[in-house]
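Containing CSV, C-alpha atoms: final_17.csv.
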chain,number,residue,atom,x,y,z
N,1,MET,CA,99.0,115.1,89.1
N,2,ASP,CA,101.5,112.3,88.2
N,3,VAL,CA,103.0,110.3,91.1
N,4,THR,CA,105.1,107.2,91.6
N,5,LEU,CA,103.9,104.5,93.9
N,6,PRO,CA,106.2,102.0,95.6
N,7,THR,CA,104.8,98.5,96.1
N,8,ARG,CA,105.4,96.1,99.1
N,9,ASP,CA,107.6,93.9,96.9
N,10,GLY,CA,109.8,96.6,95.4
N,11,GLU,CA,108.2,97.8,92.2
N,12,ARG,CA,107.5,101.4,91.3
N,13,LEU,CA,104.3,102.2,89.6
N,14,ASP,CA,103.4,105.1,87.2
N,15,ALA,CA,100.2,106.6,88.7
N,16,GLY,CA,98.0,109.7,88.6
N,17,HIS,CA,95.9,111.5,91.2
N,18,LEU,CA,92.9,113.5,90.2
N,19,ARG,CA,91.5,115.6,93.0
N,20,GLY,CA,87.8,115.4,93.4
N,21,PRO,CA,85.1,118.0,93.3
N,22,ALA,CA,85.0,120.4,96.2
N,23,GLY,CA,83.6,118.8,99.3
N,24,THR,CA,84.1,115.2,98.2
N,25,ASP,CA,85.6,112.8,100.7
N,26,LEU,CA,85.6,109.7,98.5
N,27,CYS,CA,88.5,108.5,96.3
N,28,VAL,CA,88.1,105.7,93.8
N,29,VAL,CA,91.1,103.7,92.7
N,30,MET,CA,90.9,102.3,89.2
N,31,ALA,CA,92.6,99.1,88.2
N,32,HIS,CA,93.0,98.4,84.5
N,33,SER,CA,92.8,95.1,82.6
N,34,PHE,CA,95.7,92.9,81.3
N,35,ALA,CA,97.6,94.8,78.5
N,36,GLY,CA,95.7,97.9,79.5
N,37,SER,CA,97.0,101.2,80.7
N,38,ARG,CA,95.8,104.4,82.4
N,39,HIS,CA,97.0,106.2,79.3
N,40,LYS,CA,94.7,104.4,76.9
N,41,ASP,CA,91.7,106.3,75.5
N,42,ALA,CA,89.0,103.9,76.9
N,43,TYR,CA,90.5,104.0,80.4
N,44,ARG,CA,90.9,107.8,80.3
N,45,ARG,CA,87.2,108.2,79.2
N,46,LEU,CA,86.0,106.2,82.2
N,47,ALA,CA,88.3,107.9,84.6
N,48,ALA,CA,87.0,111.3,83.4
N,49,GLU,CA,83.4,110.2,84.0
N,50,LEU,CA,84.3,108.9,87.5
N,51,HIS,CA,86.1,112.1,88.3
N,52,ARG,CA,82.8,114.0,88.0
N,53,THR,CA,81.8,112.7,91.4
N,54,ALA,CA,84.9,111.5,93.2
N,55,ALA,CA,88.7,111.9,93.5
N,56,VAL,CA,90.4,109.3,91.3
N,57,VAL,CA,93.7,107.4,91.6
N,58,THR,CA,94.9,105.7,88.4
N,59,PHE,CA,97.9,103.6,87.9
N,60,ASP,CA,99.6,101.1,85.6
N,61,PHE,CA,100.2,97.6,86.8
N,62,ARG,CA,103.8,96.2,86.9
N,63,GLY,CA,105.1,95.4,83.4
N,64,HIS,CA,102.7,97.9,81.8
N,65,GLY,CA,103.4,101.3,80.5
N,66,ARG,CA,106.0,103.2,82.6
N,67,SER,CA,105.7,101.0,85.6
N,68,SER,CA,108.7,98.8,86.6
N,69,GLY,CA,108.8,95.1,86.6
N,70,LEU,CA,107.2,92.3,84.6
N,71,SER,CA,103.5,91.4,84.5
N,72,THR,CA,102.5,88.2,86.3
N,73,GLY,CA,99.0,88.2,84.8
N,74,GLY,CA,97.2,88.8,88.1
N,75,GLU,CA,99.4,86.7,90.5
N,76,ARG,CA,101.4,89.6,92.1
N,77,GLU,CA,99.4,92.5,90.8
N,78,VAL,CA,97.4,92.6,94.0
N,79,HIS,CA,100.4,94.3,95.6
N,80,ASP,CA,100.1,97.1,93.0
N,81,LEU,CA,96.5,97.7,93.8
N,82,ALA,CA,97.3,97.7,97.5
N,83,ALA,CA,99.9,100.4,96.9
N,84,ALA,CA,97.4,102.6,95.1
N,85,VAL,CA,94.8,102.1,97.8
N,86,GLU,CA,97.3,103.0,100.5
N,87,PHE,CA,98.1,106.2,98.7
N,88,ALA,CA,94.4,107.1,98.5
N,89,ARG,CA,93.7,106.2,102.2
N,90,ALA,CA,96.5,108.6,103.3
N,91,ARG,CA,94.6,111.4,101.7
N,92,TYR,CA,90.9,110.6,101.9
N,93,PRO,CA,88.6,109.3,104.6
N,94,GLY,CA,86.7,107.1,102.2
N,95,VAL,CA,88.3,104.9,99.5
N,96,ALA,CA,86.6,102.6,97.0
N,97,ALA,CA,87.9,100.7,94.0
N,98,VAL,CA,86.8,99.6,90.5
N,99,GLY,CA,88.7,97.0,88.5
N,100,PHE,CA,88.5,95.6,85.0
N,101,SER,CA,89.2,92.0,84.1
N,102,MET,CA,92.7,91.4,85.7
N,103,GLY,CA,92.2,94.5,87.7
N,104,ALA,CA,88.8,93.2,88.8
N,105,ALA,CA,90.4,90.0,90.0
N,106,CYS,CA,92.8,92.0,92.1
N,107,VAL,CA,90.0,94.1,93.6
N,108,VAL,CA,88.2,90.9,94.7
N,109,ARG,CA,91.4,89.4,96.1
N,110,LEU,CA,92.3,92.6,98.0
N,111,VAL,CA,88.8,93.0,99.5
N,112,ALA,CA,88.9,89.3,100.6
N,113,ALA,CA,92.4,89.6,102.1
N,114,GLU,CA,91.8,92.9,104.0
N,115,PRO,CA,88.2,93.3,105.0
N,116,GLY,CA,87.2,96.8,105.8
N,117,LEU,CA,90.0,98.3,103.7
N,118,LEU,CA,87.6,99.7,101.1
N,119,ARG,CA,84.2,101.3,101.6
N,120,ALA,CA,82.9,99.7,98.4
N,121,ALA,CA,84.3,97.8,95.4
N,122,ALA,CA,83.2,97.2,91.8
N,123,ALA,CA,84.6,94.4,89.6
N,124,VAL,CA,83.9,94.5,85.9
N,125,SER,CA,84.5,91.4,83.6
N,126,THR,CA,86.0,89.4,86.4
N,127,PRO,CA,87.6,86.1,85.7
N,128,ALA,CA,86.5,83.4,88.2
N,129,ARG,CA,89.4,81.0,87.8
N,130,TRP,CA,93.0,81.4,86.5
N,131,GLN,CA,94.2,79.9,83.2
N,132,TYR,CA,90.7,79.8,81.8
N,133,ARG,CA,90.5,78.4,78.2
N,134,GLY,CA,86.8,78.1,77.7
N,135,THR,CA,86.5,80.7,74.9
N,136,PRO,CA,88.5,81.2,71.7
N,137,ARG,CA,89.7,84.6,72.9
N,138,MET,CA,91.0,83.1,76.1
N,139,ARG,CA,92.7,80.2,74.4
N,140,LEU,CA,94.5,82.8,72.3
N,141,VAL,CA,95.5,84.8,75.4
N,142,GLN,CA,96.8,81.7,77.1
N,143,GLY,CA,98.7,80.6,74.0
N,144,LEU,CA,100.4,84.0,73.8
N,145,THR,CA,101.3,84.2,77.4
N,146,SER,CA,102.7,80.7,77.8
N,147,THR,CA,105.4,80.7,75.2
N,148,GLY,CA,108.5,82.9,74.5
N,149,PRO,CA,107.4,83.9,71.0
N,150,GLY,CA,103.9,84.6,72.2
N,151,ARG,CA,105.2,86.9,75.0
N,152,ALA,CA,107.5,88.7,72.5
N,153,ALA,CA,104.5,89.2,70.1
N,154,LEU,CA,102.4,90.5,73.0
N,155,ARG,CA,105.1,93.0,74.0
N,156,LEU,CA,105.5,94.2,70.4
N,157,ALA,CA,101.7,94.6,70.0
N,158,THR,CA,100.8,96.1,73.3
N,159,GLY,CA,104.0,97.0,75.2
N,160,THR,CA,103.1,94.6,78.0
N,161,ARG,CA,106.2,93.0,79.5
N,162,LEU,CA,105.3,89.6,80.7
N,163,SER,CA,107.3,87.5,83.2
N,164,PRO,CA,108.6,84.1,81.8
N,165,ARG,CA,108.3,82.6,85.2
N,166,PRO,CA,105.7,79.7,85.4
N,167,TRP,CA,102.3,80.5,86.9
N,168,ASN,CA,102.1,79.8,90.6
N,169,PRO,CA,99.2,77.3,90.9
N,170,ALA,CA,98.8,78.2,94.6
N,171,THR,CA,97.5,81.7,93.7
N,172,GLU,CA,94.0,82.1,95.1
N,173,SER,CA,91.4,82.5,92.4
N,174,PRO,CA,88.7,85.2,92.6
N,175,LEU,CA,86.1,82.5,92.9
N,176,ASP,CA,87.8,81.1,96.0
N,177,ALA,CA,88.4,84.6,97.4
N,178,VAL,CA,85.0,86.2,96.8
N,179,PRO,CA,83.1,84.6,99.7
N,180,ARG,CA,85.3,86.6,102.1
N,181,ALA,CA,84.4,89.9,100.4
N,182,ALA,CA,81.7,90.6,103.0
N,183,PRO,CA,81.1,93.0,104.7
N,184,THR,CA,82.5,95.2,101.9
N,185,PRO,CA,79.7,96.0,99.4
N,186,LEU,CA,80.7,94.4,96.1
N,187,LEU,CA,79.3,95.1,92.6
N,188,LEU,CA,79.9,92.5,89.9
N,189,VAL,CA,79.3,93.8,86.4
N,190,HIS,CA,79.4,91.5,83.4
N,191,GLY,CA,78.6,92.2,79.7
N,192,ALA,CA,76.4,89.8,77.8
N,193,ARG,CA,78.7,90.5,74.8
N,194,ASP,CA,81.9,89.7,76.6
N,195,PRO,CA,84.0,87.4,74.2
N,196,TYR,CA,86.5,86.4,76.9
N,197,TYR,CA,84.4,85.2,79.8
N,198,PRO,CA,80.8,83.9,79.6
N,199,LEU,CA,77.9,85.0,81.8
N,200,ALA,CA,78.3,81.8,83.8
N,201,THR,CA,81.5,83.2,85.2
N,202,ALA,CA,79.7,86.2,86.7
N,203,ARG,CA,76.9,84.0,88.0
N,204,ALA,CA,79.4,81.6,89.7
N,205,LEU,CA,81.0,84.6,91.4
N,206,LYS,CA,77.7,86.0,92.6
N,207,GLU,CA,76.6,82.6,94.0
N,208,ALA,CA,79.9,82.3,95.8
N,209,ALA,CA,79.8,85.8,97.2
N,210,GLY,CA,76.3,85.5,98.6
N,211,PRO,CA,74.0,88.4,99.5
N,212,SER,CA,76.8,91.0,100.1
N,213,ALA,CA,77.3,91.2,96.3
N,214,ASP,CA,75.2,92.7,93.6
N,215,LEU,CA,75.3,91.4,90.0
N,216,TRP,CA,74.6,93.6,87.0
N,217,VAL,CA,74.3,91.7,83.7
N,218,GLU,CA,74.6,94.4,80.9
N,219,ALA,CA,73.1,93.4,77.6
N,220,ALA,CA,75.0,95.9,75.5
N,221,ALA,CA,78.4,95.7,77.3
N,222,GLY,CA,81.5,93.9,76.1
N,223,HIS,CA,84.8,93.2,77.9
N,224,ALA,CA,86.6,95.4,80.4
N,225,GLU,CA,87.3,99.1,79.7
N,226,ALA,CA,86.7,99.0,76.0
N,227,GLY,CA,83.3,97.2,76.5
N,228,THR,CA,82.1,99.7,79.2
N,229,SER,CA,80.1,102.7,78.1
N,230,THR,CA,80.3,106.1,79.7
N,231,ALA,CA,76.7,105.7,80.8
N,232,LEU,CA,77.5,102.4,82.5
N,233,MET,CA,80.5,104.0,84.2
N,234,ARG,CA,78.2,106.7,85.5
N,235,ARG,CA,75.9,104.1,87.0
N,236,ILE,CA,78.9,102.3,88.6
N,237,ALA,CA,80.1,105.6,90.0
N,238,GLY,CA,76.7,106.2,91.6
N,239,TRP,CA,76.6,102.7,93.1
N,240,LEU,CA,80.1,103.2,94.6
N,241,THR,CA,79.2,106.6,96.0
N,242,ASP,CA,75.9,105.4,97.5
N,243,SER,CA,77.4,102.2,98.9
N,244,ALA,CA,80.4,104.0,100.4
N,245,ALA,CA,78.1,106.6,102.1
N,246,ARG,CA,76.1,103.9,103.8
N,247,ARG,CA,79.1,102.2,105.4
N,248,PRO,CA,79.5,103.1,109.1

Serialized structure, structure tokens:
Amino acid sequence: MDVTLPTRDGERLDAGHLRGPAGTDLCVVMAHSFAGSRHKDAYRRLAAELHRTAAVVTFDFRGHGRSSGLSTGGEREVHDLAAAVEFARARYPGVAAVGFSMGAACVVRLVAAEPGLLRAAAAVSTPARWQYRGTPRMRLVQGLTSTGPGRAALRLATGTRLSPRPWNPATESPLDAVPRAAPTPLLLVHGARDPYYPLATARALKEAAGPSADLWVEAAAGHAEAGTSTALMRRIAGWLTDSAARRP
């Protein structure tokens, strides 16, 4: 079922609600990566796998797909995730979330800002700090997003509408936020073949999070949705279901 979600700061998000199997009381909100969409094949494949065991809420971040507004690359997108979680919480007694790259950063920030909001959370290919330029792929991304011609090329290639407003340096990074994730169970998943963020990124997040977080380093995985296999998504779904069931 397609729905429209209003955000706290006035955007309207294109979203979908997949009711879960009979008897389920868990809904998982999925948050896509930068330049991703709930309508892309890789995302839809993972949502279908997750839907085998839980209800699912999907949505497009601002500036993506049919959602209103302009993308801020993770700065304001936490409001979008919060809107999707609010929709799910109005319908299900248990809500968890899984995010990919930019979406993963939003999951970490939301869990840190509102402890107890989610029963469990998973973050796949999470950046630790903003404006990272430590790999060739991320230097390319930063180059595209920081200039007018680059933003125009990105919009033409992916449909992503990026805000020209300068990045707000006061935006809390996932690395600074993750120590406050407890007591929410948090799963960090990182692919050894990720060309955007090295494994050191995930290890820094795990160290900062402490014992409340689990870290899976996946030898065959790449980056975000496209780098996540159906089998890995099945394992993540099981972890979310088990972790949510253990919460009081």

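For region 141-153 of chain N, the list of residues within 8 Å, based on all atoms listed in the file and with local chain neighbours fewer than 3 positions off taken out, reads Gln131, Tyr132, Arg133, Arg137, Met138, Leu156, Ala157, Arg161, Leu162 and Pro164 of chain N.
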
For Arg234 (chain N), please output as a short mmCIF file (atom, residue, chain, number, x, y, z; two decimals) with C-alpha atoms, in the frame of the given file all residues within 10 Å (counting all atoms listed in the file; exclusion window: fewer than 5 positions along the same chain).
data_model
loop_
_atom_site.label_atom_id
_atom_site.label_comp_id
_atom_site.auth_asym_id
_atom_site.auth_seq_id
_atom_site.Cartn_x
_atom_site.Cartn_y
_atom_site.Cartn_z
CA LEU N 46 86.00 106.20 82.20
CA GLU N 49 83.40 110.20 84.00
CA LEU N 50 84.30 108.90 87.50
CA HIS N 51 86.10 112.10 88.30
CA ARG N 52 82.80 114.00 88.00
CA THR N 53 81.80 112.70 91.40
CA SER N 229 80.10 102.70 78.10
CA TRP N 239 76.60 102.70 93.10
CA LEU N 240 80.10 103.20 94.60
#

Worksheet entry | Contacts of Ala219 (chain N) at 9 Å (all atoms listed in the file; same-chain gap of 3+ positions) as a PyMOL selection string | chain N and resi 190-193+222

Practice prompt. Could you tell me how far CA of Ala181 (chain N) lies from CA of Leu70 (chain N), in Å and to one decimal?
Written response: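 Pair CA of Ala181 (chain N) / CA of Leu70 (chain N) returns 27.8 Å.
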
Worksheet item: Using only C-alpha atoms, which residues sit within 7 Å of Thr126 (chain N) once same-chain residues fewer than 5 positions away are excluded, as a PyMOL selection string?
Response: chain N and resi 100-101+104-105
